[in-house]
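Since the structure comes first, as structure tokens, the remarks are kept for the end.
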Amino acid sequence: MAVATRLTGMQEKKLQNYFGGKQFTLLYKATVHEFSGDNLLQRCCDQGPTVTVIYGGHYVLGVYIRESYKRDDRVPIVLFAVQENEISECDVGASSPSSFLYQYNRRWDDSGFLLNLEQKKVNMNLDTFKKLGLPQNQPISFEECEVFRCEDLLDERIMKGITRLQDKLLVDVRNYRPRRDLVHQIRILLLGPTGAGKSSFFNSVKSVFRGHVTHQALVGSDTTGVSDKYRTYSIKDPRADSPLPFILCDSMGLGEREKGLCTDDIVYILKGHISDRYQFDSTKAITPGHSNYIDYPLLKDRIHCAAFVFDINSVEYLSRDMMAKIKKIRRELIKCGVAHVILLTHVDSMDLVTRGDLRDIYSCMPVKLKLETVHRELGFALSDILVVSNYTSEWELDPVKDVLILSALRQMLWAADDFLEDLLLEETEIKEKELSSE
């Protein structure tokens, strides 16, 4: 019979993410394998890094040992506490596992932490209590103790496969050519509420192709946002020293009621009338005669695909006013024949999503539930709802994130191809009608 952990799903995911994307394998459970320090060490030594979890009242205590160990090895140890799904920690340096397991009264070791399995009690010094943010009650009684082996969710073999997919996607996007070469670059318009991640998505795309994290577009999360100008970003491929086959167009954020991007501006953007660096005015739309107004836009100036960008954590809490504004914009997109998708950002910050889930994100149950909510509330096909994790605070690129970003970008380029194909069909039908009327 399988032995089950007492950790809740939320607690387990939080700990897996907190310790760097780990998967847990239960090695020892006191109520099954007896409350015995000898039994714990016998089952857990030479098993790699481990997490010991102690269930005491309203919170969970734990010991994270970063390295594989033997009974008397001195290894780096971190104490932690989980209270209402929030984690605090106390790094106690190097100690031996046997030194904090004891059967009888003994003096403190350097860790300031003593675990008595036989008496089901934990003692900690006052400094450790303070660092963990726990009430200073001595000793702490507990009901259960579990030890898990910690392994990387994405091992070397899996990462090699992810890197190969990343390389393939980079080649696919670099070699992409718009349908029938009607234009040299696809224009993708990013729309969405302030702080949803529009500018961060551009920065993330540029980072992937540059090979390092960049922040060309300013990013903000306050109610007024940062992007108050219409910006068109073309990215140069450093390998070929030529522009990549797409342009990302960043717009002012959609606001509540009359705030944010004026919805009347969107039609002019879609049809190619607005040029780079146009200063938005939320109270009035651009009009012919404005210095940034393009009187006779070409196909290359038009928008070929639009992406509504939302934070996946708050997308189901959009106000009625925002929902109405999005649906109005979507009607204009349909009227203009522009392909459009939804881009959900910040997936890595969802409580029940681990780094390992990112490699098959569309099969992750919490994400699937979000997609179904968006499908139901906004009417988009599930295949038109894309998920990414932008680079916001990281300093190093992550192939797992790169795959999500590149996959979403490739899907937008394919959607733009559908727009161009429909345009060709319309032109063919018009010509056929003209010939038949002669």
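Ordering of the structure tokens sets the chain letters (A, B, ...), residue numbers begin anew at 1 in every chain, and ligands are numbered from 1 in the order given.
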Exercise. Using only C-alpha atoms, which residues sit within 12 Å of Val367 in chain A once same-chain residues fewer than 3 positions away are excluded, as JSON, numbers by chain?
Worked result: {"A": [312, 313, 315, 344, 345, 346, 347, 348, 349, 350, 351, 352, 353, 354, 357, 358, 360, 361, 362, 363, 364, 370, 371, 372, 373, 374, 382, 385, 386, 387, 388]}
Exercise. Counting only C-alpha atoms, what is within 12 Å of range 159-166 of chain A, bar same-chain residues fewer than 2 positions away, as JSON, numbers by chain?
Worked result: {"A": [152, 153, 154, 155, 156, 157, 168, 169, 170, 171, 172, 173, 208, 209, 355, 356, 358, 359, 360, 397, 398, 399, 400, 401, 402, 403, 404, 405, 406, 407, 410]}
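Among the candidates A:Ala81, A:Val63, A:Cys150, A:Cys145, the residue lying nearest to Gln16 in chain A is A:Cys150 (atoms considered: only C-alpha atoms).
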For this session: Please provide the set of residues having any atom within 7 Å of Gly56 in chain A, restricted to only C-alpha atoms, with same-chain residues fewer than 2 positions apart removed, written as a ChimeraX atom specification.
Result: /A:54,58-60,140-143
For this session: Just the strand (DSSP E) stuff from range 6-116 of chain A, please, per backbone DSSP, written as a PyMOL selection string.
Result: chain A and resi 22-29+50-56+59-65+75-83+86-95+113-116
Residues as selected, C-alpha atoms, written as an mmCIF file, in the first residue's frame, can you do that?
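Result saved to out_38.cif:
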data_model
loop_
_atom_site.group_PDB
_atom_site.id
_atom_site.type_symbol
_atom_site.label_atom_id
_atom_site.label_comp_id
_atom_site.auth_asym_id
_atom_site.auth_seq_id
_atom_site.Cartn_x
_atom_site.Cartn_y
_atom_site.Cartn_z
ATOM 1 C CA LYS A 22 12.217 19.956 -6.836
ATOM 2 C CA GLN A 23 10.178 16.788 -6.861
ATOM 3 C CA PHE A 24 9.610 14.986 -3.567
ATOM 4 C CA THR A 25 9.793 11.237 -2.933
ATOM 5 C CA LEU A 26 8.600 10.127 0.513
ATOM 6 C CA LEU A 27 11.339 8.110 2.272
ATOM 7 C CA TYR A 28 10.226 8.115 5.889
ATOM 8 C CA LYS A 29 6.909 8.630 7.679
ATOM 9 C CA THR A 50 16.275 15.720 1.751
ATOM 10 C CA VAL A 51 13.457 17.746 3.267
ATOM 11 C CA THR A 52 12.255 16.766 6.745
ATOM 12 C CA VAL A 53 8.730 18.003 7.512
ATOM 13 C CA ILE A 54 7.362 18.167 11.065
ATOM 14 C CA TYR A 55 3.642 18.782 11.618
ATOM 15 C CA GLY A 56 3.097 20.814 14.767
ATOM 16 C CA TYR A 59 2.196 25.364 11.247
ATOM 17 C CA VAL A 60 4.717 23.078 9.603
ATOM 18 C CA LEU A 61 8.415 23.028 10.553
ATOM 19 C CA GLY A 62 11.151 21.577 8.435
ATOM 20 C CA VAL A 63 14.807 20.876 7.787
ATOM 21 C CA TYR A 64 16.270 21.144 4.289
ATOM 22 C CA ILE A 65 19.605 19.342 3.850
ATOM 23 C CA VAL A 75 26.309 19.280 5.697
ATOM 24 C CA PRO A 76 24.599 22.664 5.000
ATOM 25 C CA ILE A 77 21.237 22.819 6.783
ATOM 26 C CA VAL A 78 18.311 25.228 6.418
ATOM 27 C CA LEU A 79 15.420 25.323 8.892
ATOM 28 C CA PHE A 80 12.068 26.535 7.590
ATOM 29 C CA ALA A 81 8.485 27.089 8.695
ATOM 30 C CA VAL A 82 5.252 27.123 6.672
ATOM 31 C CA GLN A 83 2.441 29.269 8.065
ATOM 32 C CA GLU A 86 3.975 31.410 3.540
ATOM 33 C CA ILE A 87 7.524 30.123 4.029
ATOM 34 C CA SER A 88 10.203 31.587 6.319
ATOM 35 C CA GLU A 89 13.714 30.193 6.704
ATOM 36 C CA CYS A 90 16.762 30.213 8.934
ATOM 37 C CA ASP A 91 20.136 29.148 7.526
ATOM 38 C CA VAL A 92 22.041 27.480 10.364
ATOM 39 C CA GLY A 93 25.190 26.565 8.446
ATOM 40 C CA ALA A 94 26.787 23.112 8.562
ATOM 41 C CA SER A 95 25.719 20.428 11.035
ATOM 42 C CA PHE A 113 17.411 22.930 16.753
ATOM 43 C CA LEU A 114 16.764 19.568 18.428
ATOM 44 C CA LEU A 115 14.271 16.929 17.279
ATOM 45 C CA ASN A 116 13.151 14.189 19.649
#
Seminar exercise, completed: Using only C-alpha atoms, the best pick from A:Leu244, A:Arg149, A:Val32, A:Glu256 as closest to Ala2 in chain A would be A:Val32
Please tabulate, as CSV, the residues of range 151-191 of chain A that come within 6 Å of range 295-308 of chain A, each with its closest pair of atoms and the distance in Å to one decimal, counting only C-alpha atoms and ordering rows by chain, then residue number upward.
residue,atom,partner,partner_atom,distance
A:Val183,CA,A:Lys300,CA,5.5
A:Arg187,CA,A:Ile303,CA,5.1
A:Ile188,CA,A:Cys305,CA,4.9
A:Leu189,CA,A:Ala306,CA,4.5
A:Leu190,CA,A:Ala307,CA,5.1
A:Leu191,CA,A:Phe308,CA,4.8
Deliver the residues from the most recent selection as a file, using N, CA and C atoms, as a short mmCIF file (atom, residue, chain, number, x, y, z; two decimals), in the first residue's frame.
data_model
loop_
_atom_site.label_atom_id
_atom_site.label_comp_id
_atom_site.auth_asym_id
_atom_site.auth_seq_id
_atom_site.Cartn_x
_atom_site.Cartn_y
_atom_site.Cartn_z
N VAL A 183 4.42 40.69 -47.17
CA VAL A 183 5.13 41.70 -46.37
C VAL A 183 6.44 41.07 -45.92
N ARG A 187 3.30 42.35 -38.31
CA ARG A 187 3.08 43.27 -37.19
C ARG A 187 2.10 42.65 -36.20
N ILE A 188 2.56 42.54 -34.95
CA ILE A 188 1.76 41.95 -33.89
C ILE A 188 1.46 43.03 -32.86
N LEU A 189 0.17 43.33 -32.64
CA LEU A 189 -0.25 44.36 -31.69
C LEU A 189 -0.52 43.73 -30.33
N LEU A 190 0.07 44.31 -29.28
CA LEU A 190 -0.14 43.84 -27.92
C LEU A 190 -1.13 44.75 -27.22
N LEU A 191 -2.26 44.18 -26.77
CA LEU A 191 -3.32 44.93 -26.10
C LEU A 191 -3.57 44.31 -24.73
#
